[in-house]
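Shown below: input.cif, with mmCIF, C-alpha atoms.
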```
data_upload
#
loop_
_atom_site.label_atom_id
_atom_site.label_comp_id
_atom_site.auth_asym_id
_atom_site.auth_seq_id
_atom_site.Cartn_x
_atom_site.Cartn_y
_atom_site.Cartn_z
CA MET A 1 30.30 20.92 -22.97
CA THR A 2 27.68 21.96 -20.48
CA ALA A 3 25.75 19.35 -18.53
CA GLN A 4 22.76 20.01 -20.74
CA THR A 5 24.54 19.43 -24.02
CA ILE A 6 26.14 16.27 -22.66
CA ALA A 7 22.66 14.98 -21.73
CA GLN A 8 21.56 15.64 -25.32
CA THR A 9 24.13 13.15 -26.58
CA VAL A 10 22.81 10.30 -24.42
CA VAL A 11 21.05 7.51 -26.30
CA PRO A 12 18.71 5.59 -24.00
CA ALA A 13 18.53 1.83 -24.45
CA LEU A 14 15.42 0.28 -25.97
CA GLY A 15 12.81 0.05 -23.28
CA GLU A 16 14.34 2.68 -21.03
CA ILE A 17 11.86 5.30 -22.09
CA PRO A 18 8.42 4.49 -20.70
CA ASP A 19 5.77 3.79 -23.34
CA PHE A 20 3.15 5.68 -21.39
CA GLN A 21 3.12 9.05 -19.70
CA VAL A 22 1.07 10.49 -16.88
CA GLY A 23 -2.41 11.26 -18.18
CA ASP A 24 -2.40 8.66 -20.97
CA ARG A 25 -5.59 6.63 -21.27
CA VAL A 26 -4.99 2.91 -21.24
CA ARG A 27 -6.91 -0.35 -21.16
CA THR A 28 -5.85 -3.50 -19.32
CA ALA A 29 -5.72 -6.64 -21.43
CA VAL A 30 -8.23 -9.45 -21.20
CA ARG A 31 -6.24 -12.66 -21.15
CA PHE A 32 -5.77 -15.59 -18.87
CA PRO A 33 -2.18 -16.60 -18.23
CA VAL A 34 -1.84 -20.02 -16.67
CA GLY A 35 0.04 -20.59 -13.43
CA HIS A 36 0.93 -17.14 -12.17
CA TYR A 37 -0.23 -13.63 -12.91
CA ARG A 38 -0.18 -10.28 -11.16
CA LEU A 39 -3.15 -8.48 -12.65
CA PRO A 40 -6.20 -9.59 -10.65
CA THR A 41 -9.08 -10.85 -12.77
CA TYR A 42 -11.43 -8.13 -11.50
CA LEU A 43 -9.27 -5.58 -13.32
CA ARG A 44 -9.06 -7.22 -16.74
CA GLY A 45 -10.38 -5.21 -19.68
CA LYS A 46 -10.78 -1.99 -17.70
CA THR A 47 -10.11 1.55 -18.85
CA GLY A 48 -8.06 3.92 -16.77
CA VAL A 49 -5.53 6.72 -16.74
CA VAL A 50 -1.81 6.60 -15.97
CA GLU A 51 -1.38 8.41 -12.66
CA ARG A 52 2.35 7.78 -12.16
CA VAL A 53 5.18 6.10 -13.94
CA ILE A 54 6.94 4.04 -11.24
CA PRO A 55 10.49 5.36 -11.45
CA THR A 56 12.24 2.07 -10.66
CA MET A 57 12.14 -0.35 -13.58
CA GLY A 58 11.63 -4.00 -12.71
CA VAL A 59 11.65 -7.52 -14.06
CA ASP A 60 8.20 -8.66 -15.19
CA ASN A 61 6.94 -10.13 -11.92
CA GLU A 62 5.11 -12.91 -13.75
CA GLU A 63 8.49 -14.12 -15.04
CA GLU A 64 10.11 -13.44 -11.68
CA GLY A 65 7.63 -15.95 -10.28
CA TYR A 66 9.51 -18.62 -12.21
CA GLY A 67 12.92 -17.56 -11.00
CA ARG A 68 14.01 -14.86 -13.45
CA ASN A 69 15.81 -12.52 -11.08
CA ALA A 70 17.72 -10.34 -13.50
CA GLY A 71 17.88 -9.31 -17.13
CA SER A 72 15.91 -6.78 -19.09
CA LYS A 73 13.46 -4.77 -17.09
CA GLY A 74 10.28 -2.92 -17.88
CA HIS A 75 8.05 -0.23 -16.49
CA TYR A 76 5.29 -0.43 -13.95
CA TYR A 77 2.55 2.18 -14.01
CA ARG A 78 0.16 3.29 -11.31
CA ILE A 79 -3.20 3.28 -13.05
CA ALA A 80 -6.31 5.09 -11.84
CA ILE A 81 -9.58 3.31 -12.63
CA PRO A 82 -13.00 4.62 -11.55
CA MET A 83 -14.93 2.21 -9.33
CA THR A 84 -17.93 2.58 -11.64
CA GLU A 85 -15.78 1.28 -14.53
CA ILE A 86 -14.99 -1.86 -12.53
CA TRP A 87 -18.33 -2.57 -10.88
CA ALA A 88 -21.55 -1.89 -12.77
CA GLU A 89 -23.48 -1.82 -9.51
CA TYR A 90 -20.95 0.12 -7.45
CA LYS A 91 -22.47 1.44 -4.25
CA GLY A 92 -20.60 4.63 -3.55
CA GLN A 93 -19.74 7.90 -5.21
CA ALA A 94 -18.96 8.25 -8.90
CA THR A 95 -15.64 9.87 -7.96
CA ASP A 96 -14.44 6.83 -5.95
CA GLY A 97 -11.55 5.06 -7.58
CA LEU A 98 -9.08 2.25 -7.53
CA ARG A 99 -5.32 2.43 -8.07
CA ILE A 100 -3.09 -0.44 -9.04
CA GLU A 101 0.42 -0.93 -10.37
CA VAL A 102 0.40 -2.71 -13.68
CA PHE A 103 3.35 -4.04 -15.66
CA GLU A 104 3.64 -2.67 -19.19
CA THR A 105 2.77 -5.96 -20.91
CA TRP A 106 -0.79 -5.71 -19.59
CA LEU A 107 -1.51 -2.23 -20.95
CA GLU A 108 -2.69 -0.98 -24.30
CA ARG A 109 -3.16 2.63 -25.35
CA ILE A 110 -6.63 3.83 -26.25
CA MET U 111 11.26 -9.44 22.38
CA HIS U 112 12.99 -12.78 22.02
CA VAL U 113 11.20 -15.30 19.92
CA GLU U 114 13.99 -17.83 19.88
CA ASN U 115 16.45 -19.09 22.37
CA HIS U 116 18.98 -16.43 21.37
CA ASP U 117 22.34 -17.37 22.70
CA HIS U 118 22.82 -13.98 24.29
CA ASP U 119 20.15 -14.93 26.79
CA GLU U 120 22.85 -16.90 28.50
CA PRO U 121 25.46 -14.83 30.27
CA GLY U 122 29.03 -15.68 29.44
CA HIS U 123 28.09 -17.71 26.40
CA ASP U 124 30.09 -17.22 23.22
CA HIS U 125 27.93 -15.30 20.74
CA HIS U 126 29.56 -16.78 17.69
CA HIS U 127 29.74 -20.44 18.47
CA ASP U 128 29.78 -21.78 14.95
CA HIS U 129 32.59 -24.26 15.58
CA GLY U 130 30.92 -27.52 14.71
CA HIS U 131 27.98 -26.85 16.99
CA SER U 132 25.79 -24.41 15.09
CA ASP U 133 22.53 -25.41 16.66
CA PRO U 134 21.33 -23.21 19.48
CA HIS U 135 18.18 -25.27 19.87
CA GLU U 136 19.83 -28.15 21.69
CA GLU U 137 19.81 -25.99 24.78
CA ILE U 138 16.14 -25.11 24.84
CA SER U 139 13.99 -26.86 27.35
CA ILE U 140 10.63 -27.68 25.86
CA THR U 141 7.33 -28.77 27.32
CA GLU U 142 5.83 -30.47 24.27
CA LEU U 143 6.91 -31.75 20.90
CA PRO U 144 6.90 -29.09 18.20
CA GLY U 145 4.11 -29.33 15.62
CA TYR U 146 4.50 -30.66 12.10
CA TYR U 147 5.00 -27.31 10.37
CA ASP U 148 7.33 -26.10 13.11
CA MET U 149 9.52 -29.16 12.49
CA LEU U 150 9.24 -28.70 8.73
CA GLU U 151 10.52 -25.13 9.08
CA THR U 152 13.41 -26.28 11.27
CA ALA U 153 14.29 -29.05 8.82
CA VAL U 154 14.27 -26.79 5.75
CA ARG U 155 16.30 -24.09 7.49
CA GLU U 156 18.87 -26.46 8.94
CA LEU U 157 19.35 -28.30 5.64
CA LEU U 158 19.96 -25.03 3.80
CA VAL U 159 22.39 -23.84 6.48
CA GLU U 160 24.25 -27.17 6.33
CA ARG U 161 24.58 -26.71 2.58
CA LYS U 162 25.97 -23.23 3.21
CA LEU U 163 23.28 -21.49 1.17
CA PHE U 164 23.09 -18.97 4.02
CA GLY U 165 24.21 -18.77 7.63
CA ALA U 166 22.13 -19.42 10.75
CA ASP U 167 23.19 -15.95 11.89
CA GLU U 168 21.31 -14.45 8.91
CA ILE U 169 18.00 -15.85 10.18
CA ARG U 170 18.69 -14.61 13.71
CA ARG U 171 19.59 -11.19 12.34
CA GLN U 172 16.45 -11.01 10.20
CA ILE U 173 14.29 -11.89 13.21
CA GLU U 174 15.84 -8.91 14.98
CA VAL U 175 15.13 -6.76 11.92
CA LEU U 176 11.49 -7.88 11.91
CA ASP U 177 11.14 -7.25 15.64
CA SER U 178 12.51 -3.73 15.19
CA ARG U 179 9.82 -2.80 12.63
CA THR U 180 6.65 -1.61 14.32
CA PRO U 181 3.95 0.96 13.59
CA ALA U 182 5.88 3.37 15.84
CA LEU U 183 8.20 3.97 12.88
CA GLY U 184 5.34 4.89 10.55
CA ALA U 185 3.91 7.10 13.29
CA LYS U 186 7.21 8.95 13.49
CA VAL U 187 7.10 9.57 9.73
CA VAL U 188 3.51 10.83 9.91
CA ALA U 189 4.19 13.17 12.83
CA ARG U 190 7.23 14.62 11.06
CA ALA U 191 5.15 15.20 7.93
CA TRP U 192 2.55 17.04 10.03
CA VAL U 193 5.03 19.43 11.57
CA ASP U 194 7.48 19.92 8.71
CA GLY U 195 5.96 21.00 5.39
CA GLU U 196 9.19 20.61 3.45
CA PHE U 197 9.60 17.05 4.73
CA ARG U 198 5.99 16.32 3.83
CA LYS U 199 6.64 17.46 0.27
CA ARG U 200 9.72 15.26 -0.05
CA LEU U 201 7.85 12.31 1.52
CA LEU U 202 4.96 12.57 -0.93
CA GLU U 203 7.43 12.84 -3.80
CA ASP U 204 9.40 9.75 -2.77
CA GLY U 205 8.13 7.84 0.26
CA ARG U 206 11.13 5.62 0.57
CA LYS U 207 13.64 8.47 0.53
CA GLY U 208 11.54 10.34 3.08
CA CYS U 209 11.60 7.38 5.47
CA GLU U 210 15.30 6.84 4.86
CA GLU U 211 15.89 10.45 5.90
CA LEU U 212 14.55 9.43 9.32
CA GLY U 213 16.84 6.39 9.43
CA ILE U 214 14.24 3.78 8.39
CA SER U 215 15.92 1.39 5.96
CA PHE U 216 14.15 -0.65 3.29
CA TYR U 217 15.44 -4.18 3.57
CA ASP U 218 13.10 -5.72 1.02
CA ASP U 219 13.65 -3.92 -2.31
CA THR U 220 10.27 -2.22 -2.22
CA GLN U 221 9.39 1.36 -3.06
CA LEU U 222 6.94 3.40 -1.02
CA ILE U 223 4.21 5.78 -2.12
CA VAL U 224 2.75 7.84 0.70
CA LEU U 225 -0.92 8.65 0.13
CA GLU U 226 -2.13 11.84 1.73
CA ASN U 227 -5.63 11.98 3.18
CA THR U 228 -7.28 15.37 2.81
CA PRO U 229 -10.78 16.74 3.41
CA GLU U 230 -11.46 15.78 -0.23
CA VAL U 231 -9.77 12.36 -0.52
CA HIS U 232 -9.64 9.31 1.73
CA ASN U 233 -7.10 6.58 0.96
CA LEU U 234 -7.28 2.91 1.84
CA ILE U 235 -4.70 0.20 1.15
CA VAL U 236 -5.24 -3.49 0.43
CA CYS U 237 -3.52 -6.36 -1.35
CA THR U 238 -6.10 -8.57 -3.04
CA LEU U 239 -3.66 -11.15 -4.45
CA CYS U 240 -1.54 -11.73 -1.36
CA SER U 241 -0.52 -9.58 1.59
CA CYS U 242 1.77 -6.79 0.32
CA TYR U 243 2.23 -4.34 3.16
CA PRO U 244 4.77 -1.60 4.02
CA ARG U 245 6.69 -3.90 6.38
CA PRO U 246 9.82 -1.76 6.71
CA VAL U 247 7.74 1.06 8.26
CA LEU U 248 4.81 -0.76 9.87
CA GLY U 249 6.13 -4.22 10.71
CA LEU U 250 4.03 -7.27 9.88
CA PRO U 251 0.35 -6.87 8.96
CA PRO U 252 -2.50 -7.90 11.25
CA ASP U 253 -4.30 -11.13 10.41
CA TRP U 254 -7.47 -9.39 9.22
CA TYR U 255 -5.45 -7.62 6.53
CA LYS U 256 -4.39 -11.02 5.16
CA LEU U 257 -7.80 -12.72 5.39
CA LYS U 258 -10.43 -12.97 2.69
CA PRO U 259 -13.17 -10.62 3.94
CA TYR U 260 -10.95 -7.52 3.89
CA ARG U 261 -9.03 -8.45 0.73
CA ALA U 262 -12.15 -9.41 -1.21
CA ARG U 263 -14.41 -6.53 -0.17
CA ALA U 264 -12.15 -3.49 0.16
CA VAL U 265 -12.03 -3.10 -3.62
CA TYR U 266 -15.76 -3.19 -4.33
CA GLU U 267 -17.44 -1.82 -1.25
CA PRO U 268 -14.84 0.30 0.52
CA ARG U 269 -17.47 2.47 2.18
CA ALA U 270 -19.18 -0.55 3.77
CA VAL U 271 -15.79 -1.91 4.82
CA LEU U 272 -14.88 1.40 6.44
CA GLU U 273 -18.23 1.49 8.25
CA GLU U 274 -17.32 -1.88 9.79
CA PHE U 275 -14.27 -0.20 11.23
CA GLY U 276 -16.52 2.57 12.57
CA THR U 277 -15.35 5.05 9.94
CA HIS U 278 -17.95 7.06 8.09
CA ILE U 279 -16.71 8.85 5.00
CA PRO U 280 -19.03 11.62 3.82
CA ASP U 281 -20.46 11.33 0.29
CA ASP U 282 -18.54 14.33 -0.98
CA VAL U 283 -15.20 12.75 -0.09
CA GLU U 284 -13.57 10.68 -2.82
CA ILE U 285 -12.39 7.23 -1.76
CA VAL U 286 -9.22 5.90 -3.35
CA VAL U 287 -8.37 2.23 -2.82
CA SER U 288 -4.81 1.23 -3.67
CA ASP U 289 -4.42 -2.48 -4.47
CA SER U 290 -0.76 -3.32 -3.94
CA THR U 291 0.66 -5.93 -6.32
CA ALA U 292 4.27 -5.37 -7.31
CA MET U 293 7.28 -3.50 -5.92
CA VAL U 294 5.39 -0.50 -4.56
CA ARG U 295 4.00 -0.43 -1.05
CA TYR U 296 1.68 2.22 0.33
CA LEU U 297 1.42 4.16 3.55
CA VAL U 298 -1.53 6.41 4.29
CA LEU U 299 -0.68 9.83 5.69
CA PRO U 300 -3.76 10.48 7.83
CA MET U 301 -5.18 13.94 8.47
CA ARG U 302 -3.87 15.71 11.53
CA PRO U 303 -6.74 15.93 14.01
CA ALA U 304 -8.09 19.29 15.08
CA GLY U 305 -6.97 20.68 18.42
CA THR U 306 -3.44 19.29 18.22
CA GLU U 307 -1.70 22.58 17.41
CA GLY U 308 0.03 22.69 20.79
CA LEU U 309 1.32 19.10 20.73
CA SER U 310 4.97 18.20 20.27
CA GLU U 311 6.09 15.96 17.42
CA GLU U 312 6.47 13.11 19.90
CA GLU U 313 3.00 13.61 21.32
CA LEU U 314 1.59 13.70 17.79
CA ALA U 315 3.35 10.43 16.90
CA ALA U 316 1.74 8.78 19.93
CA LEU U 317 -1.71 9.48 18.42
CA VAL U 318 -0.98 7.73 15.13
CA THR U 319 -2.12 4.11 14.96
CA ARG U 320 -1.30 1.32 12.54
CA ASP U 321 -4.90 1.14 11.33
CA ALA U 322 -4.88 4.86 10.55
CA MET U 323 -1.85 4.29 8.32
CA ILE U 324 -3.69 1.47 6.53
CA GLY U 325 -6.52 3.94 6.09
CA VAL U 326 -9.33 2.13 7.90
CA ILE U 327 -9.69 4.65 10.73
CA PRO U 328 -8.83 8.32 11.25
CA VAL U 329 -6.40 9.60 13.85
CA GLU U 330 -8.40 10.71 16.88
CA TYR U 331 -7.56 13.28 19.51
CA GLN U 332 -9.55 13.86 22.67
CA GLU U 333 -8.52 17.12 24.23
CA ARG U 334 -8.10 16.45 27.93
CA ALA U 335 -10.59 18.37 30.00
CA ALA U 336 -8.80 20.90 32.16
CA MET K 337 -18.56 -23.91 -12.80
CA SER K 338 -16.66 -25.20 -15.79
CA SER K 339 -13.21 -26.52 -15.03
CA GLU K 340 -11.72 -23.59 -16.98
CA GLY K 341 -12.50 -21.33 -14.06
CA LEU K 342 -10.11 -23.31 -11.88
CA VAL K 343 -7.30 -22.68 -14.34
CA LYS K 344 -8.05 -19.08 -15.22
CA LYS K 345 -8.60 -17.68 -11.74
CA LEU K 346 -6.04 -18.55 -9.09
CA PRO K 347 -7.37 -19.38 -5.63
CA ASN K 348 -5.64 -16.34 -4.09
CA ASP K 349 -7.21 -13.96 -6.63
CA ILE K 350 -10.17 -12.93 -4.51
CA GLY K 351 -10.60 -9.19 -5.11
CA GLY K 352 -14.31 -8.58 -5.63
CA ASP K 353 -15.48 -11.99 -4.40
CA ALA K 354 -18.42 -12.10 -2.04
CA SER K 355 -17.23 -12.47 1.52
CA GLY K 356 -18.32 -12.06 5.11
CA LYS K 357 -17.90 -9.49 7.83
CA ILE K 358 -14.38 -8.42 8.69
CA GLU K 359 -13.36 -9.84 12.06
CA ARG K 360 -10.51 -7.74 13.37
CA VAL K 361 -8.40 -10.71 14.38
CA GLU K 362 -4.69 -10.63 14.98
CA HIS K 363 -2.22 -12.77 16.86
CA GLU K 364 1.34 -12.54 18.06
CA LEU K 365 3.38 -14.74 15.75
CA LEU K 366 4.45 -18.09 17.15
CA PRO K 367 8.23 -18.53 17.30
CA TRP K 368 8.24 -20.86 14.29
CA GLU K 369 6.07 -18.44 12.31
CA LYS K 370 8.51 -15.63 12.92
CA ARG K 371 11.41 -17.88 11.95
CA CYS K 372 9.47 -18.79 8.81
CA HIS K 373 9.06 -15.11 7.95
CA ALA K 374 12.75 -14.46 8.50
CA LEU K 375 13.52 -17.54 6.38
CA ALA K 376 11.38 -16.14 3.56
CA ASP K 377 13.28 -12.85 3.68
CA VAL K 378 16.69 -14.55 3.70
CA LEU K 379 15.66 -16.86 0.83
CA ASP K 380 14.69 -13.75 -1.14
CA PHE K 381 17.88 -11.83 -0.24
CA HIS K 382 19.91 -14.69 -1.75
CA LYS K 383 17.43 -15.22 -4.59
CA ILE K 384 17.18 -18.86 -3.61
CA ILE K 385 13.42 -18.35 -3.62
CA ASN K 386 12.40 -14.80 -4.51
CA THR K 387 9.22 -13.25 -3.15
CA GLU K 388 7.36 -13.74 -6.41
CA GLU K 389 8.32 -17.43 -6.52
CA LYS K 390 7.00 -17.76 -3.00
CA ARG K 391 3.66 -16.25 -4.10
CA ARG K 392 3.53 -18.56 -7.08
CA GLY K 393 4.35 -21.51 -4.84
CA VAL K 394 1.48 -20.63 -2.50
CA GLU K 395 -0.98 -20.25 -5.37
CA ALA K 396 0.12 -23.61 -6.72
CA LEU K 397 -0.96 -25.34 -3.50
CA GLY K 398 -4.52 -25.20 -4.82
CA SER K 399 -7.70 -23.94 -3.25
CA GLU K 400 -8.19 -26.68 -0.69
CA MET K 401 -4.78 -26.22 0.91
CA ILE K 402 -5.01 -22.45 0.63
CA GLY K 403 -8.33 -22.61 2.44
CA LYS K 404 -7.23 -24.96 5.21
CA LEU K 405 -3.59 -24.19 5.94
CA SER K 406 -2.68 -21.13 7.98
CA TYR K 407 -0.64 -18.32 6.45
CA TYR K 408 2.82 -19.52 7.41
CA GLU K 409 1.88 -23.19 6.94
CA ARG K 410 1.28 -22.29 3.30
CA TRP K 411 4.64 -20.56 3.09
CA ILE K 412 6.74 -23.38 4.50
CA VAL K 413 5.03 -26.03 2.36
CA ALA K 414 5.51 -23.84 -0.72
CA PHE K 415 9.21 -23.41 0.14
CA ALA K 416 9.67 -27.17 0.36
CA ASN K 417 7.97 -27.69 -3.02
CA ILE K 418 10.03 -25.00 -4.71
CA LEU K 419 13.27 -26.35 -3.28
CA PHE K 420 12.36 -29.77 -4.70
CA GLN K 421 11.54 -28.25 -8.10
CA LYS K 422 14.89 -26.49 -8.13
CA GLY K 423 16.75 -29.65 -7.20
CA ILE K 424 18.14 -28.02 -4.06
CA LEU K 425 16.53 -30.52 -1.70
CA THR K 426 14.74 -33.83 -2.14
CA PRO K 427 11.66 -35.05 -0.29
CA SER K 428 13.82 -37.68 1.33
CA ASP K 429 16.28 -35.03 2.61
CA ILE K 430 13.39 -33.36 4.37
CA ALA K 431 11.90 -36.58 5.71
CA THR K 432 15.25 -37.63 7.18
CA LYS K 433 15.90 -34.21 8.69
CA MET K 434 12.41 -33.99 10.16
CA ALA K 435 12.90 -37.36 11.86
CA GLU K 436 16.14 -36.01 13.30
CA VAL K 437 14.46 -32.82 14.50
CA GLU K 438 11.70 -34.84 16.12
CA ALA K 439 14.15 -37.19 17.86
CA ARG K 440 16.10 -34.21 19.15
CA ALA K 441 12.95 -32.61 20.51
CA ALA K 442 11.95 -35.89 22.16
CA ARG K 443 15.35 -36.05 23.89
CA GLN K 444 14.94 -32.47 25.13
CA LEU K 445 11.52 -33.32 26.43
CA LYS K 446 12.93 -36.30 28.31
CA SER K 447 15.85 -34.43 29.78
CA HIS K 448 13.64 -31.56 30.99
CA PRO K 449 10.40 -33.32 31.91
CA ASN K 450 9.13 -30.30 33.79
CA GLY K 451 10.02 -27.85 31.04
#
```

Any chance you could give the structure as structure tokens?
Amino acid sequence: MTAQTIAQTVVPALGEIPDFQVGDRVRTAVRFPVGHYRLPTYLRGKTGVVERVIPTMGVDNEEEGYGRNAGSKGHYYRIAIPMTEIWAEYKGQATDGLRIEVFETWLERI
Amino acid sequence: MHVENHDHDEPGHDHHHDHGHSDPHEEISITELPGYYDMLETAVRELLVERKLFGADEIRRQIEVLDSRTPALGAKVVARAWVDGEFRKRLLEDGRKGCEELGISFYDDTQLIVLENTPEVHNLIVCTLCSCYPRPVLGLPPDWYKLKPYRARAVYEPRAVLEEFGTHIPDDVEIVVSDSTAMVRYLVLPMRPAGTEGLSEEELAALVTRDAMIGVIPVEYQERAA
Amino acid sequence: MSSEGLVKKLPNDIGGDASGKIERVEHELLPWEKRCHALADVLDFHKIINTEEKRRGVEALGSEMIGKLSYYERWIVAFANILFQKGILTPSDIATKMAEVEARAARQLKSHPNG
């Protein structure tokens, strides 16, 4: 078998394939976890675009905060959000933007 | 720089004296009692060493690691990217691998995205929730990076923040603020200043400052008058 | 502000808050601060306290302590709390050891009165 046909036989585990791809439009969730969270409140409920899929999968850092160091991992995405989407009164250019890495549990497709 | 009474400060002293006497501090002469938090740190560390959760040598080693990480490393990466287009491409593709090519190890499990400044885009890095910073390549962050005014304001008025650093970004340049929160750290690849065509890689590295790699100022070059 | 705000928004979550002019302050770390940083790294390497647990521990100090303690003061207090929560150390272990550390320092001070 050639390398390519071998690759075709590989079955990725659940969760290994990222849910989102570069260019997908997503919205961050609006919710208020108690105790520890890693999506700042100023970025809740905002619409953006996936700019990169972070290649290294990781443990959900909100669970890591309570000592879960290993186990199933998920994807982080670098999300591009326009400043004008975040701040209604943004003083700057319409093209200015913010980037943040967001764990998959915070993102929904739109 | 020695921040502790490292035992190798004393000529002829055994470097690995862990035989029952693992405390190098007994030998320090002090001029005042340590403060509360200083003693708390010593107590926590010594208790954990006594319980064999890690060795005292690991702390000493990590202090040496921290001391070896300075903005000079980041400057070396930037200068290489300026002179070597292929390296620049690889660095922008995978920042960590690019740095590792130059011998800079990542001791803290983080990834690195290198953000390239261009005439069209200016990048700025911040960590609003804590103080994430590309420590393996820049060392420890300055206090202002960890304090509220920078962390709070960089994400909603980056242009005003940059003006406070004396940096004016023209209206037609897009500003991109990266708020670091998880395993990825950022390093800004500043623009190479005009007039530096004749400079060596080493001379270029000497122009690159920490603040330019955070993105709050540009790299400046004053051509010396002949 | 309703009390909900205190629960929903952690005291370290300050992106977008109104704040003053940026003073470009920095300082060379004190020896204990550098040891504290190295301690944090070693605790993470061994996953005794990972970096995210450290952040959570700092947030859990509450806004008054976050506002008044310095950066590494917050870290070392958070480490102590987390070690208690995990049953690795007890408050009395630390109290006893701190008394020992203080007595040792006092002896050093006495034996080298001129530093």

When the cut-off is 8 Å and we count all atoms listed in the file, which residues of chain A are near chain K, given as a PDB file with C-alpha atoms, in the frame of the given file?
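Written out: selection_37.pdb:
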```pdb
ATOM      1  CA  PHE A  32      -5.770 -15.590 -18.870  1.00  0.00           C
ATOM      2  CA  PRO A  33      -2.180 -16.600 -18.230  1.00  0.00           C
ATOM      3  CA  VAL A  34      -1.840 -20.020 -16.670  1.00  0.00           C
ATOM      4  CA  GLY A  35       0.040 -20.590 -13.430  1.00  0.00           C
ATOM      5  CA  HIS A  36       0.930 -17.140 -12.170  1.00  0.00           C
ATOM      6  CA  PRO A  40      -6.200  -9.590 -10.650  1.00  0.00           C
ATOM      7  CA  THR A  41      -9.080 -10.850 -12.770  1.00  0.00           C
ATOM      8  CA  TYR A  42     -11.430  -8.130 -11.500  1.00  0.00           C
ATOM      9  CA  ASN A  61       6.940 -10.130 -11.920  1.00  0.00           C
ATOM     10  CA  GLU A  62       5.110 -12.910 -13.750  1.00  0.00           C
ATOM     11  CA  GLU A  64      10.110 -13.440 -11.680  1.00  0.00           C
ATOM     12  CA  GLY A  65       7.630 -15.950 -10.280  1.00  0.00           C
ATOM     13  CA  TYR A  66       9.510 -18.620 -12.210  1.00  0.00           C
ATOM     14  CA  GLY A  67      12.920 -17.560 -11.000  1.00  0.00           C
ATOM     15  CA  ASN A  69      15.810 -12.520 -11.080  1.00  0.00           C
TER      16      ASN A  69
END
```

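Relative to atom CA of A:Met57, atom CA of A:Gly71 is found at 11.2 Å.
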
Exercise for the section: List the residues selected by the PyMOL selection byres ((chain A) within 10 of (chain U)) in the file shown, writing them as a ChimeraX atom specification. Expected result: /A:37-42,54-58,60-62,76,78-84,86-87,89-103

Practice task
Just need the residues of chain U within 8 Å of chain K, counting only C-alpha atoms, so spit them out as a PyMOL selection string.
Solution key: chain U and resi 113-114+136+138-144+147-155+157+164+168-170+172-173+176+218+238-240+252-254+258-266+271+274

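In this model, the gap between atom CA of U:Leu297 and atom CA of U:Pro181 comes to 10.8 Å.
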
Starting from the PyMOL selection byres ((chain A and resi 110) around 9), expand the selection into actual residues of this file and give them as a PDB file with C-alpha atoms, keeping the file's coordinate frame.
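Done, and the output landed in expr_24.pdb:
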```
ATOM      1  CA  ASP A  24      -2.400   8.660 -20.970  1.00  0.00           C
ATOM      2  CA  ARG A  25      -5.590   6.630 -21.270  1.00  0.00           C
ATOM      3  CA  VAL A  26      -4.990   2.910 -21.240  1.00  0.00           C
ATOM      4  CA  ARG A  27      -6.910  -0.350 -21.160  1.00  0.00           C
ATOM      5  CA  THR A  47     -10.110   1.550 -18.850  1.00  0.00           C
ATOM      6  CA  GLU A 108      -2.690  -0.980 -24.300  1.00  0.00           C
ATOM      7  CA  ARG A 109      -3.160   2.630 -25.350  1.00  0.00           C
TER       8      ARG A 109
END
```

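Distance-wise, atom CA of U:Leu309 and atom CA of U:Thr180 end up 22.3 Å apart.
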
Exercise for the section: Please identify all polymer residues within 8 Å of stretch 311-322 of chain U, counting all atoms listed in the file, omitting same-chain residues fewer than 6 positions from it, and present them as a ChimeraX atom specification. Expected result: /U:181-182,184-186,188-190,193,248,298,300,328-331

Put the listed atoms of stretch 143-151 of chain U in a box along x, y and z with 3 Å added on every side and give me the centre and edge lengths in Å to one decimal, as AutoDock Vina command-line options.
```
--center_x 7.3 --center_y -28.4 --center_z 14.8 --size_x 12.4 --size_y 12.6 --size_z 18.2
```

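Counting all atoms listed in the file, A:Asp19 has the following residues at most 9 Å away, ignoring those fewer than 4 positions along the same chain: Gly15, His75 and Glu104 of chain A.
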
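Proximity to U:Pro246 was assessed for U:Thr277, U:Ser310, U:Gln332, U:Ser215 counting only C-alpha atoms; the smallest distance is recorded for U:Ser215.
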
Working from the structure I just supplied, which lacks atoms in stretch 344-350 of chain K, can you model N, CA and C atoms there and output them as a short mmCIF file (atom, residue, chain, number, x, y, z; two decimals), in the coordinates of the input?
```
data_model
loop_
_atom_site.label_atom_id
_atom_site.label_comp_id
_atom_site.auth_asym_id
_atom_site.auth_seq_id
_atom_site.Cartn_x
_atom_site.Cartn_y
_atom_site.Cartn_z
N LYS K 344 -8.17 -20.49 -14.87
CA LYS K 344 -8.05 -19.08 -15.22
C LYS K 344 -7.95 -18.17 -14.01
N LYS K 345 -8.57 -18.56 -12.91
CA LYS K 345 -8.60 -17.68 -11.74
C LYS K 345 -7.95 -18.41 -10.58
N LEU K 346 -6.79 -17.91 -10.17
CA LEU K 346 -6.04 -18.55 -9.09
C LEU K 346 -6.79 -18.41 -7.76
N PRO K 347 -6.59 -19.39 -6.88
CA PRO K 347 -7.37 -19.38 -5.63
C PRO K 347 -7.09 -18.18 -4.72
N ASN K 348 -5.96 -17.52 -4.92
CA ASN K 348 -5.64 -16.34 -4.09
C ASN K 348 -6.21 -15.07 -4.69
N ASP K 349 -6.75 -15.15 -5.90
CA ASP K 349 -7.21 -13.96 -6.63
C ASP K 349 -8.66 -13.68 -6.24
N ILE K 350 -8.84 -13.01 -5.11
CA ILE K 350 -10.17 -12.93 -4.51
C ILE K 350 -10.76 -11.53 -4.49
#
```
